[in-house]
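Asks: File work-v4.cif follows (mmCIF, C-alpha atoms):
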data_upload
loop_
_atom_site.label_atom_id
_atom_site.label_comp_id
_atom_site.auth_asym_id
_atom_site.auth_seq_id
_atom_site.Cartn_x
_atom_site.Cartn_y
_atom_site.Cartn_z
CA MET B 1 -3.39 5.52 -21.36
CA LEU B 2 -2.94 8.30 -18.77
CA ALA B 3 -6.66 8.24 -17.99
CA ALA B 4 -6.42 4.47 -17.53
CA VAL B 5 -3.39 4.81 -15.24
CA GLU B 6 -5.24 7.27 -13.01
CA SER B 7 -8.39 5.12 -12.95
CA PHE B 8 -6.54 1.86 -12.21
CA ALA B 9 -4.42 3.55 -9.53
CA SER B 10 -7.34 5.18 -7.73
CA ARG B 11 -9.98 2.45 -7.80
CA GLY B 12 -8.07 -0.66 -8.81
CA TYR B 13 -8.00 -2.46 -12.13
CA HIS B 14 -10.96 -4.77 -11.53
CA ALA B 15 -13.36 -2.04 -10.41
CA THR B 16 -12.56 0.21 -13.39
CA THR B 17 -14.69 -0.04 -16.52
CA THR B 18 -13.67 0.96 -20.05
CA ARG B 19 -16.56 3.45 -19.82
CA ASP B 20 -14.82 5.09 -16.80
CA ILE B 21 -11.59 5.34 -18.74
CA ALA B 22 -13.22 6.72 -21.89
CA GLY B 23 -15.00 9.31 -19.73
CA ALA B 24 -11.78 10.35 -17.99
CA ALA B 25 -10.07 10.65 -21.37
CA GLY B 26 -12.92 12.71 -22.79
CA MET B 27 -13.65 10.06 -25.42
CA SER B 28 -16.62 7.92 -26.29
CA PRO B 29 -16.27 4.19 -25.44
CA ALA B 30 -16.36 3.54 -29.22
CA ALA B 31 -13.45 5.92 -29.84
CA LEU B 32 -11.41 4.28 -27.06
CA TYR B 33 -12.18 0.87 -28.55
CA VAL B 34 -10.46 1.85 -31.81
CA HIS B 35 -7.16 2.14 -29.92
CA PHE B 36 -7.64 -0.46 -27.20
CA PRO B 37 -10.09 -3.30 -27.81
CA SER B 38 -10.26 -4.18 -24.09
CA LYS B 39 -9.38 -3.03 -20.61
CA ALA B 40 -6.73 -5.76 -20.52
CA ALA B 41 -5.16 -4.33 -23.69
CA LEU B 42 -4.84 -0.98 -21.95
CA LEU B 43 -3.32 -2.54 -18.85
CA PHE B 44 -0.84 -4.43 -21.00
CA ALA B 45 0.16 -1.28 -22.93
CA ILE B 46 0.80 0.55 -19.64
CA SER B 47 2.61 -2.36 -18.02
CA GLU B 48 4.79 -3.10 -21.03
CA SER B 49 5.73 0.55 -21.45
CA GLY B 50 6.63 0.94 -17.77
CA HIS B 51 8.67 -2.26 -17.67
CA GLN B 52 10.41 -1.35 -20.90
CA GLN B 53 11.37 2.06 -19.48
CA THR B 54 12.92 0.57 -16.36
CA LEU B 55 14.66 -2.16 -18.35
CA THR B 56 16.15 0.44 -20.70
CA LEU B 57 17.33 2.47 -17.74
CA VAL B 58 19.08 -0.56 -16.21
CA GLU B 59 20.48 -1.84 -19.52
CA THR B 60 21.86 1.53 -20.58
CA VAL B 61 23.96 1.81 -17.44
CA ALA B 62 24.86 -1.89 -17.32
CA ALA B 63 26.23 -1.80 -20.88
CA GLY B 64 28.62 1.07 -20.11
CA ASP B 65 32.33 1.02 -19.30
CA GLU B 66 32.10 2.18 -15.71
CA SER B 67 33.06 0.16 -12.67
CA PRO B 68 30.39 -2.11 -11.12
CA ARG B 69 30.28 0.26 -8.16
CA GLU B 70 29.54 3.25 -10.38
CA LYS B 71 27.01 1.23 -12.37
CA ILE B 72 25.10 0.21 -9.25
CA ARG B 73 25.15 3.78 -8.00
CA ARG B 74 23.67 5.06 -11.25
CA ILE B 75 21.15 2.23 -11.66
CA VAL B 76 19.81 2.70 -8.12
CA GLU B 77 19.67 6.49 -8.51
CA ASP B 78 17.72 6.19 -11.78
CA PHE B 79 15.53 3.25 -10.74
CA VAL B 80 14.52 4.83 -7.41
CA ALA B 81 13.94 8.26 -8.97
CA TRP B 82 11.77 6.68 -11.69
CA HIS B 83 9.58 4.90 -9.13
CA ALA B 84 9.22 8.13 -7.11
CA ARG B 85 8.61 10.49 -10.03
CA ARG B 86 6.21 8.14 -11.77
CA HIS B 87 4.73 6.56 -8.68
CA THR B 88 1.19 6.41 -10.07
CA ILE B 89 2.14 4.50 -13.22
CA ALA B 90 4.67 2.48 -11.21
CA ARG B 91 1.92 1.28 -8.87
CA VAL B 92 -0.04 -0.06 -11.82
CA VAL B 93 3.12 -1.58 -13.30
CA GLN B 94 4.13 -3.30 -10.05
CA TYR B 95 0.83 -4.23 -8.43
CA GLU B 96 -1.54 -5.19 -11.25
CA LEU B 97 0.53 -7.96 -12.82
CA GLN B 98 -1.90 -10.71 -11.91
CA ALA B 99 -4.68 -8.97 -13.86
CA LEU B 100 -2.79 -9.43 -17.16
CA PRO B 101 -4.03 -12.17 -19.53
CA GLU B 102 -1.67 -15.15 -19.75
CA GLN B 103 0.11 -14.26 -23.00
CA GLU B 104 0.61 -10.62 -22.04
CA TYR B 105 1.80 -11.66 -18.60
CA ALA B 106 4.48 -13.81 -20.25
CA VAL B 107 5.79 -10.78 -22.19
CA VAL B 108 5.96 -8.65 -19.03
CA LYS B 109 7.48 -11.49 -17.02
CA ASP B 110 10.25 -11.73 -19.58
CA LEU B 111 10.98 -8.00 -19.20
CA ARG B 112 11.08 -8.44 -15.41
CA ARG B 113 13.46 -11.40 -15.75
CA ARG B 114 15.78 -9.28 -17.89
CA ILE B 115 15.79 -6.46 -15.33
CA GLU B 116 16.68 -8.89 -12.54
CA ARG B 117 19.30 -10.64 -14.65
CA ARG B 118 21.04 -7.35 -15.47
CA MET B 119 21.06 -6.39 -11.83
CA ARG B 120 22.54 -9.78 -10.86
CA ASP B 121 25.16 -9.50 -13.62
CA VAL B 122 26.40 -6.12 -12.41
CA ILE B 123 26.53 -7.30 -8.78
CA ALA B 124 28.31 -10.52 -9.79
CA GLU B 125 30.81 -8.49 -11.84
CA GLY B 126 31.51 -6.37 -8.73
CA VAL B 127 31.96 -9.47 -6.56
CA LYS B 128 34.40 -10.91 -9.11
CA GLN B 129 36.43 -7.71 -9.12
CA GLY B 130 36.44 -7.56 -5.32
CA ALA B 131 34.37 -4.35 -5.24
CA PHE B 132 31.39 -5.99 -3.51
CA ALA B 133 31.20 -8.65 -0.83
CA VAL B 134 27.99 -10.59 -1.31
CA ASP B 135 27.26 -14.23 -0.43
CA ASP B 136 24.11 -14.62 -2.43
CA VAL B 137 23.90 -12.48 -5.56
CA HIS B 138 20.31 -13.51 -6.23
CA THR B 139 19.03 -12.33 -2.84
CA ALA B 140 21.10 -9.15 -2.99
CA ALA B 141 19.72 -8.25 -6.45
CA ARG B 142 16.19 -8.90 -5.22
CA ALA B 143 16.76 -6.64 -2.20
CA VAL B 144 18.17 -3.81 -4.32
CA LEU B 145 15.21 -3.94 -6.72
CA SER B 146 12.78 -4.19 -3.78
CA LEU B 147 14.04 -0.93 -2.35
CA GLY B 148 13.26 0.80 -5.63
CA VAL B 149 9.93 -0.88 -6.33
CA ASP B 150 8.54 -0.18 -2.86
CA VAL B 151 9.13 3.55 -3.36
CA ALA B 152 6.11 3.51 -5.69
CA ARG B 153 3.93 2.34 -2.79
CA TRP B 154 4.77 5.04 -0.28
CA TYR B 155 6.11 8.02 -2.25
CA THR B 156 3.93 11.12 -2.45
CA ASP B 157 4.57 14.55 -3.93
CA ARG B 158 3.96 16.26 -0.59
CA PRO B 159 5.80 19.56 -0.07
CA GLY B 160 8.88 19.16 2.09
CA GLY B 161 9.42 15.55 1.04
CA LYS B 162 12.59 14.43 -0.71
CA THR B 163 12.77 14.95 -4.45
CA PRO B 164 13.00 11.77 -6.56
CA GLU B 165 16.64 12.64 -7.29
CA ALA B 166 17.56 13.21 -3.63
CA LEU B 167 15.90 9.95 -2.65
CA GLY B 168 17.74 8.13 -5.44
CA HIS B 169 21.03 9.58 -4.24
CA ASP B 170 20.44 8.52 -0.62
CA TYR B 171 19.27 5.04 -1.59
CA ALA B 172 22.30 4.51 -3.84
CA ARG B 173 24.57 5.13 -0.87
CA LEU B 174 22.59 2.73 1.32
CA VAL B 175 22.69 0.08 -1.41
CA LEU B 176 26.45 0.38 -1.93
CA ARG B 177 26.97 -0.23 1.75
CA MET B 178 24.51 -3.13 1.68
CA LEU B 179 26.61 -4.72 -1.07
CA GLY B 180 29.72 -4.35 1.05
CA ALA B 181 31.22 -1.66 -1.19
CA GLY B 182 32.47 0.13 1.92
CA SER B 183 31.76 3.72 2.76
CA GLU B 184 34.76 5.29 1.07
CA PRO B 185 34.12 6.69 -2.39
CA LEU B 186 36.13 4.79 -4.99
CA THR B 187 35.39 6.91 -8.02
CA GLU B 188 36.84 10.34 -8.63
CA GLU B 189 33.55 12.15 -9.03
CA SER B 190 32.39 10.87 -5.67
CA HIS B 191 35.39 12.20 -3.78
CA THR B 192 33.58 15.30 -2.67
CA GLU B 193 30.78 13.31 -1.08
CA GLN B 194 30.69 13.07 2.66
CA ALA B 195 31.79 9.62 3.75
CA THR B 196 29.59 8.12 6.43
CA MET Y 1 -11.74 -13.14 7.61
CA LEU Y 2 -9.60 -15.76 5.87
CA ALA Y 3 -12.14 -16.05 3.06
CA ALA Y 4 -12.04 -12.26 2.69
CA VAL Y 5 -8.23 -12.21 2.63
CA GLU Y 6 -8.18 -14.78 -0.16
CA SER Y 7 -10.88 -12.97 -2.14
CA PHE Y 8 -9.30 -9.51 -1.76
CA ALA Y 9 -5.85 -10.87 -2.62
CA SER Y 10 -6.97 -12.73 -5.74
CA ARG Y 11 -9.43 -10.31 -7.32
CA GLY Y 12 -8.78 -7.04 -5.50
CA TYR Y 13 -10.85 -5.35 -2.83
CA HIS Y 14 -13.11 -3.34 -5.13
CA ALA Y 15 -14.10 -6.26 -7.35
CA THR Y 16 -14.98 -8.52 -4.40
CA THR Y 17 -18.57 -8.61 -3.11
CA THR Y 18 -19.71 -9.61 0.36
CA ARG Y 19 -21.63 -12.37 -1.42
CA ASP Y 20 -18.30 -13.71 -2.81
CA ILE Y 21 -16.81 -13.70 0.69
CA ALA Y 22 -19.83 -15.35 2.32
CA GLY Y 23 -19.73 -18.02 -0.40
CA ALA Y 24 -16.00 -18.66 0.13
CA ALA Y 25 -16.58 -18.91 3.87
CA GLY Y 26 -19.52 -21.31 3.43
CA MET Y 27 -21.90 -18.84 5.05
CA SER Y 28 -25.02 -17.03 3.93
CA PRO Y 29 -24.61 -13.26 3.33
CA ALA Y 30 -26.95 -12.74 6.31
CA ALA Y 31 -24.76 -14.83 8.60
CA LEU Y 32 -21.66 -12.92 7.48
CA TYR Y 33 -23.51 -9.66 8.12
CA VAL Y 34 -23.92 -10.55 11.80
CA HIS Y 35 -20.13 -10.43 12.22
CA PHE Y 36 -19.18 -7.80 9.64
CA PRO Y 37 -21.82 -5.27 8.61
CA SER Y 38 -19.87 -4.27 5.46
CA LYS Y 39 -17.01 -5.22 3.20
CA ALA Y 40 -15.10 -2.22 4.60
CA ALA Y 41 -15.55 -3.58 8.14
CA LEU Y 42 -13.94 -6.83 7.02
CA LEU Y 43 -11.04 -5.02 5.36
CA PHE Y 44 -10.51 -2.97 8.50
CA ALA Y 45 -10.52 -6.05 10.74
CA ILE Y 46 -7.88 -7.70 8.52
CA SER Y 47 -5.77 -4.57 8.18
CA GLU Y 48 -5.88 -3.72 11.88
CA SER Y 49 -4.98 -7.27 12.87
CA GLY Y 50 -2.06 -7.42 10.44
CA HIS Y 51 -0.68 -4.04 11.46
CA GLN Y 52 -1.09 -4.89 15.13
CA GLN Y 53 0.86 -8.12 14.64
CA THR Y 54 3.80 -6.38 12.97
CA LEU Y 55 3.75 -3.55 15.52
CA THR Y 56 3.84 -6.07 18.39
CA LEU Y 57 6.73 -7.86 16.73
CA VAL Y 58 8.73 -4.62 16.43
CA GLU Y 59 7.79 -3.31 19.90
CA THR Y 60 8.61 -6.56 21.66
CA VAL Y 61 12.18 -6.52 20.36
CA ALA Y 62 12.58 -2.74 20.68
CA ALA Y 63 11.61 -2.81 24.37
CA GLY Y 64 14.28 -5.40 25.23
CA ASP Y 65 17.74 -4.94 26.74
CA GLU Y 66 19.78 -5.99 23.75
CA SER Y 67 22.12 -3.77 21.77
CA PRO Y 68 20.64 -1.74 18.89
CA ARG Y 69 22.53 -3.99 16.50
CA GLU Y 70 20.95 -7.11 17.95
CA LYS Y 71 17.53 -5.45 18.03
CA ILE Y 72 17.72 -4.51 14.35
CA ARG Y 73 18.85 -8.01 13.49
CA ARG Y 74 15.89 -9.56 15.29
CA ILE Y 75 13.34 -7.02 14.06
CA VAL Y 76 14.38 -7.50 10.42
CA GLU Y 77 14.43 -11.28 10.78
CA ASP Y 78 10.92 -11.30 12.27
CA PHE Y 79 9.45 -8.57 10.04
CA VAL Y 80 10.76 -10.12 6.82
CA ALA Y 81 9.74 -13.65 7.86
CA TRP Y 82 6.23 -12.41 8.73
CA HIS Y 83 5.79 -10.77 5.31
CA ALA Y 84 7.03 -13.94 3.58
CA ARG Y 85 5.07 -16.46 5.66
CA ARG Y 86 1.86 -14.43 5.61
CA HIS Y 87 2.32 -12.92 2.17
CA THR Y 88 -1.36 -13.17 1.22
CA ILE Y 89 -2.63 -11.29 4.25
CA ALA Y 90 0.37 -8.94 4.04
CA ARG Y 91 -0.59 -7.94 0.49
CA VAL Y 92 -4.05 -6.91 1.68
CA VAL Y 93 -2.53 -5.12 4.68
CA GLN Y 94 0.01 -3.20 2.59
CA TYR Y 95 -1.79 -2.56 -0.69
CA GLU Y 96 -5.45 -1.94 0.17
CA LEU Y 97 -5.00 0.96 2.57
CA GLN Y 98 -6.71 3.49 0.32
CA ALA Y 99 -9.90 1.41 0.33
CA LEU Y 100 -10.35 1.94 4.09
CA PRO Y 101 -13.02 4.45 5.20
CA GLU Y 102 -11.56 7.65 6.66
CA GLN Y 103 -11.93 6.83 10.36
CA GLU Y 104 -10.61 3.29 10.00
CA TYR Y 105 -7.73 4.58 7.88
CA ALA Y 106 -6.77 6.93 10.72
CA VAL Y 107 -6.53 3.98 13.14
CA VAL Y 108 -4.34 1.98 10.75
CA LYS Y 109 -2.22 5.03 9.93
CA ASP Y 110 -1.51 5.47 13.63
CA LEU Y 111 -0.32 1.84 13.86
CA ARG Y 112 1.93 2.44 10.83
CA ARG Y 113 3.35 5.59 12.41
CA ARG Y 114 4.17 3.66 15.59
CA ILE Y 115 5.97 0.94 13.59
CA GLU Y 116 8.08 3.55 11.78
CA ARG Y 117 8.77 5.48 14.96
CA ARG Y 118 10.03 2.36 16.77
CA MET Y 119 12.27 1.54 13.85
CA ARG Y 120 13.69 5.08 13.83
CA ASP Y 121 14.20 4.98 17.61
CA VAL Y 122 16.26 1.79 17.45
CA ILE Y 123 18.36 3.11 14.56
CA ALA Y 124 18.87 6.46 16.31
CA GLU Y 125 19.90 4.61 19.50
CA GLY Y 126 22.49 2.71 17.47
CA VAL Y 127 23.81 5.90 15.87
CA LYS Y 128 24.13 7.50 19.30
CA GLN Y 129 26.10 4.51 20.61
CA GLY Y 130 28.33 4.50 17.54
CA ALA Y 131 27.06 1.12 16.36
CA PHE Y 132 25.49 2.49 13.18
CA ALA Y 133 26.63 5.23 10.80
CA VAL Y 134 23.56 6.80 9.24
CA ASP Y 135 23.09 10.38 7.97
CA ASP Y 136 19.36 10.36 7.76
CA VAL Y 137 17.58 8.09 10.24
CA HIS Y 138 14.19 8.73 8.64
CA THR Y 139 15.29 7.54 5.19
CA ALA Y 140 17.19 4.59 6.63
CA ALA Y 141 14.15 3.44 8.64
CA ARG Y 142 11.96 3.75 5.56
CA ALA Y 143 14.42 1.67 3.53
CA VAL Y 144 14.61 -1.07 6.17
CA LEU Y 145 10.81 -1.32 6.38
CA SER Y 146 10.55 -1.23 2.56
CA LEU Y 147 12.75 -4.29 2.25
CA GLY Y 148 10.37 -6.20 4.50
CA VAL Y 149 7.12 -4.91 3.04
CA ASP Y 150 8.11 -5.63 -0.55
CA VAL Y 151 8.68 -9.28 0.33
CA ALA Y 152 4.86 -9.63 0.44
CA ARG Y 153 4.71 -8.59 -3.22
CA TRP Y 154 7.13 -11.13 -4.65
CA TYR Y 155 7.36 -14.00 -2.17
CA THR Y 156 5.82 -17.31 -3.19
CA ASP Y 157 5.82 -20.71 -1.51
CA ARG Y 158 7.45 -22.38 -4.51
CA PRO Y 159 9.57 -25.43 -3.72
CA GLY Y 160 13.28 -24.65 -3.70
CA GLY Y 161 12.74 -21.04 -2.66
CA LYS Y 162 14.14 -19.67 0.58
CA THR Y 163 12.13 -20.27 3.73
CA PRO Y 164 10.76 -17.16 5.46
CA GLU Y 165 13.34 -17.68 8.21
CA ALA Y 166 16.29 -18.02 5.81
CA LEU Y 167 15.20 -14.91 3.94
CA GLY Y 168 14.85 -13.00 7.22
CA HIS Y 169 18.35 -14.08 8.21
CA ASP Y 170 19.88 -12.96 4.92
CA TYR Y 171 18.02 -9.65 4.89
CA ALA Y 172 19.08 -8.90 8.47
CA ARG Y 173 22.70 -9.18 7.41
CA LEU Y 174 22.14 -6.93 4.39
CA VAL Y 175 20.36 -4.37 6.57
CA LEU Y 176 23.10 -4.30 9.21
CA ARG Y 177 25.61 -3.51 6.51
CA MET Y 178 23.29 -0.88 5.04
CA LEU Y 179 23.21 0.83 8.44
CA GLY Y 180 26.99 0.85 8.56
CA ALA Y 181 27.18 -1.73 11.33
CA GLY Y 182 30.15 -3.30 9.59
CA SER Y 183 30.41 -6.92 8.65
CA GLU Y 184 32.05 -8.18 11.81
CA PRO Y 185 29.70 -9.74 14.33
CA LEU Y 186 29.58 -7.61 17.48
CA THR Y 187 27.44 -9.82 19.68
CA GLU Y 188 28.54 -13.07 21.23
CA GLU Y 189 25.84 -15.24 19.72
CA SER Y 190 26.77 -14.02 16.27
CA HIS Y 191 30.42 -14.99 16.57
CA THR Y 192 29.90 -18.24 14.78
CA GLU Y 193 28.35 -16.57 11.74
CA GLN Y 194 30.45 -16.28 8.65
CA ALA Y 195 31.71 -12.73 8.25
CA THR Y 196 31.34 -11.38 4.74
#
As structure tokens - that is how I would like this structure written.
Replies:
Amino acid sequence: MLAAVESFASRGYHATTTRDIAGAAGMSPAALYVHFPSKAALLFAISESGHQQTLTLVETVAAGDESPREKIRRIVEDFVAWHARRHTIARVVQYELQALPEQEYAVVKDLRRRIERRMRDVIAEGVKQGAFAVDDVHTAARAVLSLGVDVARWYTDRPGGKTPEALGHDYARLVLRMLGAGSEPLTEESHTEQAT
Amino acid sequence: MLAAVESFASRGYHATTTRDIAGAAGMSPAALYVHFPSKAALLFAISESGHQQTLTLVETVAAGDESPREKIRRIVEDFVAWHARRHTIARVVQYELQALPEQEYAVVKDLRRRIERRMRDVIAEGVKQGAFAVDDVHTAARAVLSLGVDVARWYTDRPGGKTPEALGHDYARLVLRMLGAGSEPLTEESHTEQAT
């Protein structure tokens, strides 16, 4: 799977052959075939795993007892850091959807719907409690997810760049402001943060 | 060029042949060759044109006399609407960079740098005037551009969806809040907008 991720990310899904992947994994094409009967099966395994990881990350925080503000802060921190840290797999996950066969695409699409729904639910909860001021929860949720997803496109591990965690922290603050949460920290553990 | 955009967007750059493109354009491969000696030359022409269009859009607003707040509002409206309206070409522009030959990549990279620099300049101008409250101008500029770029990934022309203009309008409001511009309209022409 890692060999496939690298191959798909560097030359694109369509231009990669199962022979390339087997070679990169140090296996014979026949040995690869035992685990994955097709290139599409490999893409699906990678895509499903990546989507499941990000869904779990969002659902774990969303199911907790914290305030909507704290939930959004943690979801954005984790979601952004994941897309930075795992930017190679994230690129395959986010940009090779259309290469999935119809049935597999439906499974992944369902995972994506659940991620968006969770995000909308947390934002809507915050609006209801007066913590956020958002006209259009759907557009706001899309924008928050977009900020995280696009990190996979531009993030590199170059020295001197922000760590995935630092980027997640900065983006969480930007997102809270975007949602109208104000700049003042509302939770105790945030009281030491500089208010901007 | 349009035939190439469609082909690259639907099957990916690497899996597209010049024969595919010539066929889609209703030309012979030899006739296509007269205009574009290689597939890479076509990709470069598309990428350069797309980047030049978005740079012009940003520079035109940035060079004006309006306040930084009004400039950001207009830039985000135009940049987001462009990525929605031209989402097929925008996908090629944003996601096929690594397929460009080295020299052509350098040209496109310079256009990208100029877009980012203009965005940073306008944000920095706003911070200086006290209109925005941003710790890290570089990260904020990256986030604002990310919101626009990622629109190309998910936007579709489905009926009932937001128009490119409506999306640009909504995103501009989210971005102004993200930059700490507050929710109250500061410019005269915005006074009629609903404050959230």
Asks: Apply the PyMOL selection byres ((chain B) within 8 of (chain Y)) to the file shown and report the selected residues as a ChimeraX atom specification.
Replies: /B:11-12,14-15,95,133-135,139-140,143,146-147,149-151,153,170-171,174-180,196
Asks: For the residues in the current selection, export C-alpha atoms as a compact mmCIF listing (two decimals), in the frame of the given file.
Replies:
# COMPACT_ATOMS: atom_id res chain seq x y z
CA ARG B 11 -9.98 2.45 -7.80
CA GLY B 12 -8.07 -0.66 -8.81
CA HIS B 14 -10.96 -4.77 -11.53
CA ALA B 15 -13.36 -2.04 -10.41
CA TYR B 95 0.83 -4.23 -8.43
CA ALA B 133 31.20 -8.65 -0.83
CA VAL B 134 27.99 -10.59 -1.31
CA ASP B 135 27.26 -14.23 -0.43
CA THR B 139 19.03 -12.33 -2.84
CA ALA B 140 21.10 -9.15 -2.99
CA ALA B 143 16.76 -6.64 -2.20
CA SER B 146 12.78 -4.19 -3.78
CA LEU B 147 14.04 -0.93 -2.35
CA VAL B 149 9.93 -0.88 -6.33
CA ASP B 150 8.54 -0.18 -2.86
CA VAL B 151 9.13 3.55 -3.36
CA ARG B 153 3.93 2.34 -2.79
CA ASP B 170 20.44 8.52 -0.62
CA TYR B 171 19.27 5.04 -1.59
CA LEU B 174 22.59 2.73 1.32
CA VAL B 175 22.69 0.08 -1.41
CA LEU B 176 26.45 0.38 -1.93
CA ARG B 177 26.97 -0.23 1.75
CA MET B 178 24.51 -3.13 1.68
CA LEU B 179 26.61 -4.72 -1.07
CA GLY B 180 29.72 -4.35 1.05
CA THR B 196 29.59 8.12 6.43
Asks: What gap, in Å, lies between atom CA of Val108 of chain Y and atom CA of Ala90 of chain B?
Replies: 23.7 Å
Asks: List as a PyMOL selection string the protein and nucleic acid residues near Tyr155 of chain Y, meaning an atom at most 9 Å away when all atoms listed in the file are counted, but skip any in the same chain fewer than 5 places from it.
Replies: chain Y and resi 83-85+87+150+161+164
Asks: Evaluate the PyMOL selection byres ((chain Y and resi 100) around 10) and record the selected residues as a list in words, following the chain and residue labels used in the document.
Replies: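 Applied to this file, the PyMOL selection byres ((chain Y and resi 100) around 10) selects Lys39, Ala40, Ala41, Leu42, Leu43, Phe44, Ser47, Glu96, Leu97, Gln98, Ala99, Pro101, Glu102, Gln103, Glu104, Tyr105, Ala106 and Val108 of chain Y.
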Asks: Keeping only C-alpha atoms, take the residues you just selected and write them out as an mmCIF file, in the frame of the given file.
Replies:
data_model
loop_
_atom_site.group_PDB
_atom_site.id
_atom_site.type_symbol
_atom_site.label_atom_id
_atom_site.label_comp_id
_atom_site.auth_asym_id
_atom_site.auth_seq_id
_atom_site.Cartn_x
_atom_site.Cartn_y
_atom_site.Cartn_z
ATOM 1 C CA LYS Y 39 -17.010 -5.220 3.200
ATOM 2 C CA ALA Y 40 -15.100 -2.220 4.600
ATOM 3 C CA ALA Y 41 -15.550 -3.580 8.140
ATOM 4 C CA LEU Y 42 -13.940 -6.830 7.020
ATOM 5 C CA LEU Y 43 -11.040 -5.020 5.360
ATOM 6 C CA PHE Y 44 -10.510 -2.970 8.500
ATOM 7 C CA SER Y 47 -5.770 -4.570 8.180
ATOM 8 C CA GLU Y 96 -5.450 -1.940 0.170
ATOM 9 C CA LEU Y 97 -5.000 0.960 2.570
ATOM 10 C CA GLN Y 98 -6.710 3.490 0.320
ATOM 11 C CA ALA Y 99 -9.900 1.410 0.330
ATOM 12 C CA PRO Y 101 -13.020 4.450 5.200
ATOM 13 C CA GLU Y 102 -11.560 7.650 6.660
ATOM 14 C CA GLN Y 103 -11.930 6.830 10.360
ATOM 15 C CA GLU Y 104 -10.610 3.290 10.000
ATOM 16 C CA TYR Y 105 -7.730 4.580 7.880
ATOM 17 C CA ALA Y 106 -6.770 6.930 10.720
ATOM 18 C CA VAL Y 108 -4.340 1.980 10.750
#
Asks: To one decimal in Å, tell me the separation between atom CA of Leu57 of chain B and atom CA of Arg74 of chain B.
Replies: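 So the answer is 9.4 Å.
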Asks: Which is closer to Thr17 of chain B than all the others in B:Pro159, B:Pro29, B:Gly168, B:Gly64, using all atoms listed in the file?
Replies: B:Pro29
Asks: Leaving out Ala22 of chain B and any residue of its chain fewer than 5 positions from it, which residues lie within 9 Å of it when counting only C-alpha atoms, given as a list in words?
Replies: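 Here the answer would be Ala3, Ala4, Thr17, Met27, Ser28, Pro29, Ala30, Ala31, Leu32 and Tyr33 of chain B.
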Asks: Deliver the residues from the most recent selection as a file, using C-alpha atoms, as a PDB file, in the coordinates of the input.
Replies:
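Listing of result.pdb after writing:
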ATOM      1  CA  ALA B   3      -6.660   8.240 -17.990  1.00  0.00           C
ATOM      2  CA  ALA B   4      -6.420   4.470 -17.530  1.00  0.00           C
ATOM      3  CA  THR B  17     -14.690  -0.040 -16.520  1.00  0.00           C
ATOM      4  CA  MET B  27     -13.650  10.060 -25.420  1.00  0.00           C
ATOM      5  CA  SER B  28     -16.620   7.920 -26.290  1.00  0.00           C
ATOM      6  CA  PRO B  29     -16.270   4.190 -25.440  1.00  0.00           C
ATOM      7  CA  ALA B  30     -16.360   3.540 -29.220  1.00  0.00           C
ATOM      8  CA  ALA B  31     -13.450   5.920 -29.840  1.00  0.00           C
ATOM      9  CA  LEU B  32     -11.410   4.280 -27.060  1.00  0.00           C
ATOM     10  CA  TYR B  33     -12.180   0.870 -28.550  1.00  0.00           C
TER      11      TYR B  33
END
Asks: For segment 119-123 of chain Y, what centre and edge lengths in Å (one decimal) does the axis-aligned box get once 8 Å is added on each side of all its listed atoms, as AutoDock Vina command-line options?
Replies:
--center_x 15.3 --center_y 3.3 --center_z 15.7 --size_x 22.1 --size_y 19.5 --size_z 19.8
Asks: In Å, rounded to a single decimal, give me how far atom CA of Ile75 of chain B is from atom CA of Thr163 of chain Y.
Replies: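 About the pair atom CA of Thr163 of chain Y and atom CA of Ile75 of chain B: they are 28.7 Å apart.
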Asks: May I ask which of the residues Y:Arg117, Y:His138, Y:Arg86, Y:Lys128 is the closest one to Thr156 of chain Y, counting only C-alpha atoms?
Replies: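 Smallest distance to Thr156 of chain Y is found for Y:Arg86.
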Asks: Emit segment 88-95 of chain Y of the structure in the block as a file comprising N, CA and C atoms, as a JSON list (two decimals), in the first residue's frame.
Replies:
[["chain", "number", "residue", "atom", "x", "y", "z"],
["Y", 88, "THR", "N", -12.84, 23.30, -14.08],
["Y", 88, "THR", "CA", -12.13, 22.27, -14.85],
["Y", 88, "THR", "C", -10.72, 22.72, -15.19],
["Y", 89, "ILE", "N", -10.59, 23.93, -15.71],
["Y", 89, "ILE", "CA", -9.24, 24.44, -16.02],
["Y", 89, "ILE", "C", -8.46, 24.66, -14.71],
["Y", 90, "ALA", "N", -9.16, 25.09, -13.67],
["Y", 90, "ALA", "CA", -8.49, 25.36, -12.39],
["Y", 90, "ALA", "C", -7.89, 24.08, -11.80],
["Y", 91, "ARG", "N", -8.56, 22.96, -12.01],
["Y", 91, "ARG", "CA", -8.02, 21.68, -11.51],
["Y", 91, "ARG", "C", -6.70, 21.35, -12.18],
["Y", 92, "VAL", "N", -6.64, 21.57, -13.49],
["Y", 92, "VAL", "CA", -5.39, 21.32, -14.22],
["Y", 92, "VAL", "C", -4.32, 22.29, -13.73],
["Y", 93, "VAL", "N", -4.70, 23.55, -13.59],
["Y", 93, "VAL", "CA", -3.77, 24.59, -13.15],
["Y", 93, "VAL", "C", -3.19, 24.26, -11.77],
["Y", 94, "GLN", "N", -4.05, 23.82, -10.86],
["Y", 94, "GLN", "CA", -3.62, 23.63, -9.47],
["Y", 94, "GLN", "C", -3.02, 22.26, -9.19],
["Y", 95, "TYR", "N", -3.45, 21.23, -9.93],
["Y", 95, "TYR", "CA", -3.05, 19.88, -9.52],
["Y", 95, "TYR", "C", -2.10, 19.18, -10.47]]
